[in-house]
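Colleague: Encoded as structure tokens, here's the structure I'll be asking about.
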Amino acid sequence: MSPNPGPRPVASPSGGAAACRLLLVRHAKAVSKNRPIADFERPLGKRGKADAPRTGRWLADSGLGCDLVLCSPSRRTRETWQLAARALEDPPPVVYDERLYNAAPSALVAVMAEKGPGLGCLVLVGHNPGIHQLAAALCGSGPQDLLERVRAGFPTSGVVAVDLPGGWERLSPGSGTLTAFWSPAD
């Protein structure tokens, strides 16, 4: 699938909030939850270590350059971003925020609204079910086949790109346009 990155965000014609782009990345496949290790410290498994760099290559090839990465501080999300970022020519700065660990969509939105103003594009690296619920809730329009895929699930190492015409301060259900959906199975 070929994304349509479109122009970099600019101020809206009404003088309101600037349009922005959100790239949601679900962490790569981690080791089993059945291992005797705290959930927060679960590392990537063999498949995750192979898939995370592929996510980075897709991001690099897509041309969807971003200004900032917001990442859960869990081991599996940090490892995912570190492996993905190696594929980027000029990786954006990263903020590891404890509020993103296994967060509900409302917490994810609160962090983006706090950190996003003035930025055209954010990457959010997080966990299911919150990141899937956020993607499904934000995507009010876009290609029907992609909308159906997002509603059906959010695979590990997957990326969902959403354009948000109202800016970070006006994130609301259905306000986004789904522009791309990628997973290692593509």
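Quick note on naming: the chains in the structure tokens go A, B, ... in the order shown, residues restart at 1 in each chain, and ligands are numbered from 1 in order of appearance.
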Would you list the contacts of Glu114 (chain A) as a list in words, taking every protein, DNA or RNA residue within 10 Å and counting only C-alpha atoms, but skipping same-chain residues closer than 3 positions in sequence?
Modeller: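 Contacts, with the query itself left out: Val109, Ala110, Val111, Pro117, Trp168 and Glu169 of chain A.
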Colleague: Using the selection just defined, write its residues with C-alpha atoms as a PDB file, in the first residue's frame.
Modeller:
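Final output, selection-v7.pdb:
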```pdb
ATOM      1  CA  VAL A 109      -5.156  12.119  23.846  1.00  0.00           C
ATOM      2  CA  ALA A 110      -4.247  14.128  26.960  1.00  0.00           C
ATOM      3  CA  VAL A 111      -0.514  13.568  26.391  1.00  0.00           C
ATOM      4  CA  PRO A 117       0.854  22.141  19.995  1.00  0.00           C
ATOM      5  CA  TRP A 168      -3.890  18.497  18.664  1.00  0.00           C
ATOM      6  CA  GLU A 169      -6.160  20.616  20.816  1.00  0.00           C
TER       7      GLU A 169
END
```
Colleague: With distances taken over only C-alpha atoms, which of A:Ala85, A:Gly153, A:Leu146, A:Gly63 is nearest to His132 (chain A)?
Modeller: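 Smallest separation from His132 (chain A) among the options: A:Gly153.
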Colleague: So which one's closest to Asp145 (chain A), A:Ala180, A:Ser72, A:Ala84, A:Leu164? Using only C-alpha atoms, please.
Modeller: A:Ala180
Colleague: Name all residues at most 7 Å from Ser74 (chain A) (count only C-alpha atoms; drop same-chain ones fewer than 4 positions away) and give them as a PyMOL selection string.
Modeller: chain A and resi 40-41+78+101
Colleague: Could you write out the selected residues, including N, CA, C and O atoms, as a PDB file, in the first residue's frame?
Modeller:
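File written: selection.pdb
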```pdb
ATOM      1  N   PHE A  40       5.991  -4.635  32.478  1.00  0.00           N
ATOM      2  CA  PHE A  40       6.699  -3.427  32.050  1.00  0.00           C
ATOM      3  C   PHE A  40       8.074  -3.756  31.468  1.00  0.00           C
ATOM      4  O   PHE A  40       8.572  -3.060  30.590  1.00  0.00           O
ATOM      5  N   GLU A  41       8.693  -4.837  31.952  1.00  0.00           N
ATOM      6  CA  GLU A  41      10.050  -5.205  31.550  1.00  0.00           C
ATOM      7  C   GLU A  41      10.107  -6.249  30.445  1.00  0.00           C
ATOM      8  O   GLU A  41      11.185  -6.707  30.081  1.00  0.00           O
ATOM      9  N   ARG A  78      10.161   0.868  24.022  1.00  0.00           N
ATOM     10  CA  ARG A  78      11.464   1.515  23.809  1.00  0.00           C
ATOM     11  C   ARG A  78      12.283   0.753  22.774  1.00  0.00           C
ATOM     12  O   ARG A  78      12.872   1.342  21.873  1.00  0.00           O
ATOM     13  N   TYR A 101       2.069   4.233  29.220  1.00  0.00           N
ATOM     14  CA  TYR A 101       2.168   2.787  29.461  1.00  0.00           C
ATOM     15  C   TYR A 101       0.783   2.190  29.650  1.00  0.00           C
ATOM     16  O   TYR A 101       0.049   2.563  30.582  1.00  0.00           O
TER      17      TYR A 101
END
```
Colleague: Identify which of the residues A:Leu22, A:Leu134, A:Val69, A:Val150 lies closest to Ala107 (chain A), counting only C-alpha atoms when measuring atom-to-atom distances.
Modeller: A:Leu134
Colleague: My list of candidates is A:Leu64, A:Ala50, A:Ala104, A:Leu70. Which is closest to Leu88 (chain A) when distances are computed with only C-alpha atoms?
Modeller: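 Ranked by minimum distance to Leu88 (chain A), first place goes to A:Leu64.
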Colleague: Which of these residues is nearest to Pro43 (chain A), using only C-alpha atoms: A:Pro73, A:Gly65, A:Gly167, A:Pro92?
Modeller: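 Smallest distance to Pro43 (chain A) is found for A:Pro73.
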Colleague: Pull the alpha helix (DSSP H) assignments for region 11-135 of chain A out of DSSP run on the backbone, and list those residues as a ChimeraX atom specification.
Modeller: /A:46-62,75-85,105-115,130-135
Colleague: With N, CA and C atoms retained, export the selected residues as a compact mmCIF listing (two decimals), in the first residue's frame.
Modeller:
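New file out_8.txt:
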```
# COMPACT_ATOMS: atom_id res chain seq x y z
N LYS A 46 11.84 -12.74 19.29
CA LYS A 46 12.58 -12.89 18.02
C LYS A 46 11.82 -12.21 16.87
N ARG A 47 10.51 -12.47 16.77
CA ARG A 47 9.72 -11.87 15.69
C ARG A 47 9.69 -10.35 15.83
N GLY A 48 9.55 -9.85 17.04
CA GLY A 48 9.52 -8.40 17.25
C GLY A 48 10.82 -7.74 16.85
N LYS A 49 11.94 -8.39 17.15
CA LYS A 49 13.24 -7.84 16.77
C LYS A 49 13.43 -7.80 15.26
N ALA A 50 12.74 -8.69 14.54
CA ALA A 50 12.80 -8.69 13.08
C ALA A 50 11.83 -7.68 12.48
N ASP A 51 10.65 -7.54 13.10
CA ASP A 51 9.60 -6.67 12.55
C ASP A 51 9.84 -5.18 12.82
N ALA A 52 10.37 -4.82 13.97
CA ALA A 52 10.54 -3.40 14.31
C ALA A 52 11.39 -2.64 13.29
N PRO A 53 12.51 -3.20 12.81
CA PRO A 53 13.26 -2.50 11.77
C PRO A 53 12.46 -2.34 10.47
N ARG A 54 11.60 -3.30 10.17
CA ARG A 54 10.73 -3.19 8.98
C ARG A 54 9.77 -2.03 9.14
N THR A 55 9.29 -1.81 10.36
CA THR A 55 8.42 -0.66 10.62
C THR A 55 9.19 0.63 10.34
N GLY A 56 10.41 0.70 10.79
CA GLY A 56 11.24 1.87 10.53
C GLY A 56 11.47 2.10 9.05
N ARG A 57 11.72 1.01 8.31
CA ARG A 57 11.93 1.15 6.87
C ARG A 57 10.66 1.65 6.19
N TRP A 58 9.50 1.16 6.63
CA TRP A 58 8.25 1.65 6.05
C TRP A 58 8.08 3.15 6.34
N LEU A 59 8.35 3.54 7.57
CA LEU A 59 8.25 4.97 7.91
C LEU A 59 9.21 5.79 7.05
N ALA A 60 10.43 5.32 6.88
CA ALA A 60 11.41 6.05 6.06
C ALA A 60 10.95 6.14 4.61
N ASP A 61 10.47 5.03 4.07
CA ASP A 61 10.04 5.00 2.67
C ASP A 61 8.77 5.79 2.43
N SER A 62 7.95 5.94 3.46
CA SER A 62 6.65 6.62 3.30
C SER A 62 6.79 8.12 3.16
N ARG A 75 9.79 -1.55 28.29
CA ARG A 75 10.95 -2.06 27.55
C ARG A 75 10.59 -2.39 26.10
N ARG A 76 9.45 -3.03 25.87
CA ARG A 76 9.10 -3.44 24.51
C ARG A 76 8.81 -2.25 23.59
N THR A 77 8.24 -1.16 24.12
CA THR A 77 8.00 0.01 23.28
C THR A 77 9.30 0.75 23.00
N ARG A 78 10.16 0.87 24.02
CA ARG A 78 11.46 1.52 23.81
C ARG A 78 12.28 0.75 22.77
N GLU A 79 12.33 -0.58 22.91
CA GLU A 79 13.08 -1.39 21.96
C GLU A 79 12.50 -1.27 20.55
N THR A 80 11.18 -1.25 20.45
CA THR A 80 10.54 -1.10 19.14
C THR A 80 10.99 0.19 18.47
N TRP A 81 10.90 1.32 19.21
CA TRP A 81 11.27 2.58 18.59
C TRP A 81 12.77 2.63 18.28
N GLN A 82 13.60 2.14 19.18
CA GLN A 82 15.04 2.18 18.94
C GLN A 82 15.42 1.41 17.68
N LEU A 83 14.79 0.25 17.45
CA LEU A 83 15.07 -0.53 16.25
C LEU A 83 14.48 0.14 15.00
N ALA A 84 13.29 0.71 15.11
CA ALA A 84 12.66 1.38 13.97
C ALA A 84 13.42 2.64 13.59
N ALA A 85 13.86 3.40 14.57
CA ALA A 85 14.51 4.69 14.31
C ALA A 85 15.81 4.54 13.53
N PRO A 105 -7.37 5.38 25.68
CA PRO A 105 -7.35 6.45 24.68
C PRO A 105 -7.42 7.86 25.26
N SER A 106 -8.17 8.06 26.31
CA SER A 106 -8.28 9.41 26.89
C SER A 106 -6.94 9.89 27.43
N ALA A 107 -6.14 9.00 28.00
CA ALA A 107 -4.82 9.39 28.49
C ALA A 107 -3.88 9.68 27.32
N LEU A 108 -3.97 8.89 26.25
CA LEU A 108 -3.14 9.13 25.07
C LEU A 108 -3.45 10.50 24.47
N VAL A 109 -4.73 10.82 24.38
CA VAL A 109 -5.16 12.12 23.85
C VAL A 109 -4.65 13.26 24.73
N ALA A 110 -4.71 13.08 26.04
CA ALA A 110 -4.25 14.13 26.96
C ALA A 110 -2.76 14.42 26.76
N VAL A 111 -1.95 13.38 26.59
CA VAL A 111 -0.51 13.57 26.39
C VAL A 111 -0.26 14.25 25.05
N MET A 112 -0.96 13.84 24.00
CA MET A 112 -0.78 14.47 22.68
C MET A 112 -1.21 15.94 22.71
N ALA A 113 -2.31 16.24 23.39
CA ALA A 113 -2.77 17.63 23.47
C ALA A 113 -1.77 18.49 24.23
N GLU A 114 -1.08 17.90 25.20
CA GLU A 114 -0.08 18.63 25.98
C GLU A 114 1.22 18.83 25.19
N LYS A 115 1.68 17.78 24.51
CA LYS A 115 2.98 17.82 23.85
C LYS A 115 2.93 18.27 22.39
N GLY A 130 -5.37 0.20 24.09
CA GLY A 130 -5.57 1.65 24.00
C GLY A 130 -5.23 2.24 22.65
N ILE A 131 -4.12 1.82 22.04
CA ILE A 131 -3.72 2.41 20.76
C ILE A 131 -4.69 2.00 19.66
N HIS A 132 -5.19 0.77 19.72
CA HIS A 132 -6.19 0.33 18.74
C HIS A 132 -7.50 1.08 18.93
N GLN A 133 -7.92 1.22 20.16
CA GLN A 133 -9.16 1.94 20.44
C GLN A 133 -9.06 3.40 19.97
N LEU A 134 -7.90 4.02 20.18
CA LEU A 134 -7.69 5.40 19.74
C LEU A 134 -7.75 5.48 18.22
N ALA A 135 -7.07 4.58 17.52
CA ALA A 135 -7.07 4.59 16.06
C ALA A 135 -8.49 4.43 15.53
```
Colleague: Do you know which residues are at most 9 Å from Asn128 (chain A) counting only C-alpha atoms, after dropping those on the same chain fewer than 3 positions away, and could you put them as a count of residues only?
Modeller: 10
Colleague: Mind pulling up the distance from CA of Ser157 (chain A) to CA of Gly176 (chain A)?
Modeller: 21.2 Å
Colleague: To one decimal place in Å, what is the distance between CA of Arg99 (chain A) and CA of Ala38 (chain A)?
Modeller: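 Between CA of Arg99 (chain A) and CA of Ala38 (chain A) the gap works out to 17.5 Å.
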Colleague: Quick one: pick out all strand (DSSP E) residues within region 60-175 of chain A from a backbone DSSP run and write them as an NGL selection string.
Modeller: :A and (68-71 or 94-96 or 121-126 or 139-141 or 159-164)
Colleague: Store the residues picked out above in a file with C-alpha atoms, as a compact mmCIF listing (two decimals), in the first residue's frame.
Modeller:
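File part-v1.txt, as written:
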```txt
# COMPACT_ATOMS: atom_id res chain seq x y z
CA LEU A 68 8.46 14.25 17.88
CA VAL A 69 8.01 10.69 19.12
CA LEU A 70 5.91 10.05 22.21
CA CYS A 71 6.75 6.59 23.52
CA VAL A 94 11.81 11.01 21.68
CA VAL A 95 9.88 11.67 24.89
CA TYR A 96 9.29 8.62 27.10
CA CYS A 121 3.43 15.44 13.13
CA LEU A 122 3.72 13.13 16.12
CA VAL A 123 4.57 9.46 16.35
CA LEU A 124 2.93 7.67 19.27
CA VAL A 125 4.41 4.26 20.19
CA GLY A 126 2.10 2.37 22.49
CA CYS A 139 -10.58 7.57 12.03
CA GLY A 140 -13.90 8.99 10.87
CA SER A 141 -13.05 9.01 7.17
CA VAL A 159 1.41 1.79 11.74
CA VAL A 160 -1.76 3.86 11.34
CA ALA A 161 -1.44 7.37 9.82
CA VAL A 162 -4.23 9.82 10.63
CA ASP A 163 -4.60 13.40 9.42
CA LEU A 164 -6.25 15.64 12.03
```
Colleague: Kindly indicate which residue among A:Gly174, A:Gly118, A:Asp90, A:Gly45 lies nearest to Lys29 (chain A), using only C-alpha atoms for the distances.
Modeller: A:Gly45
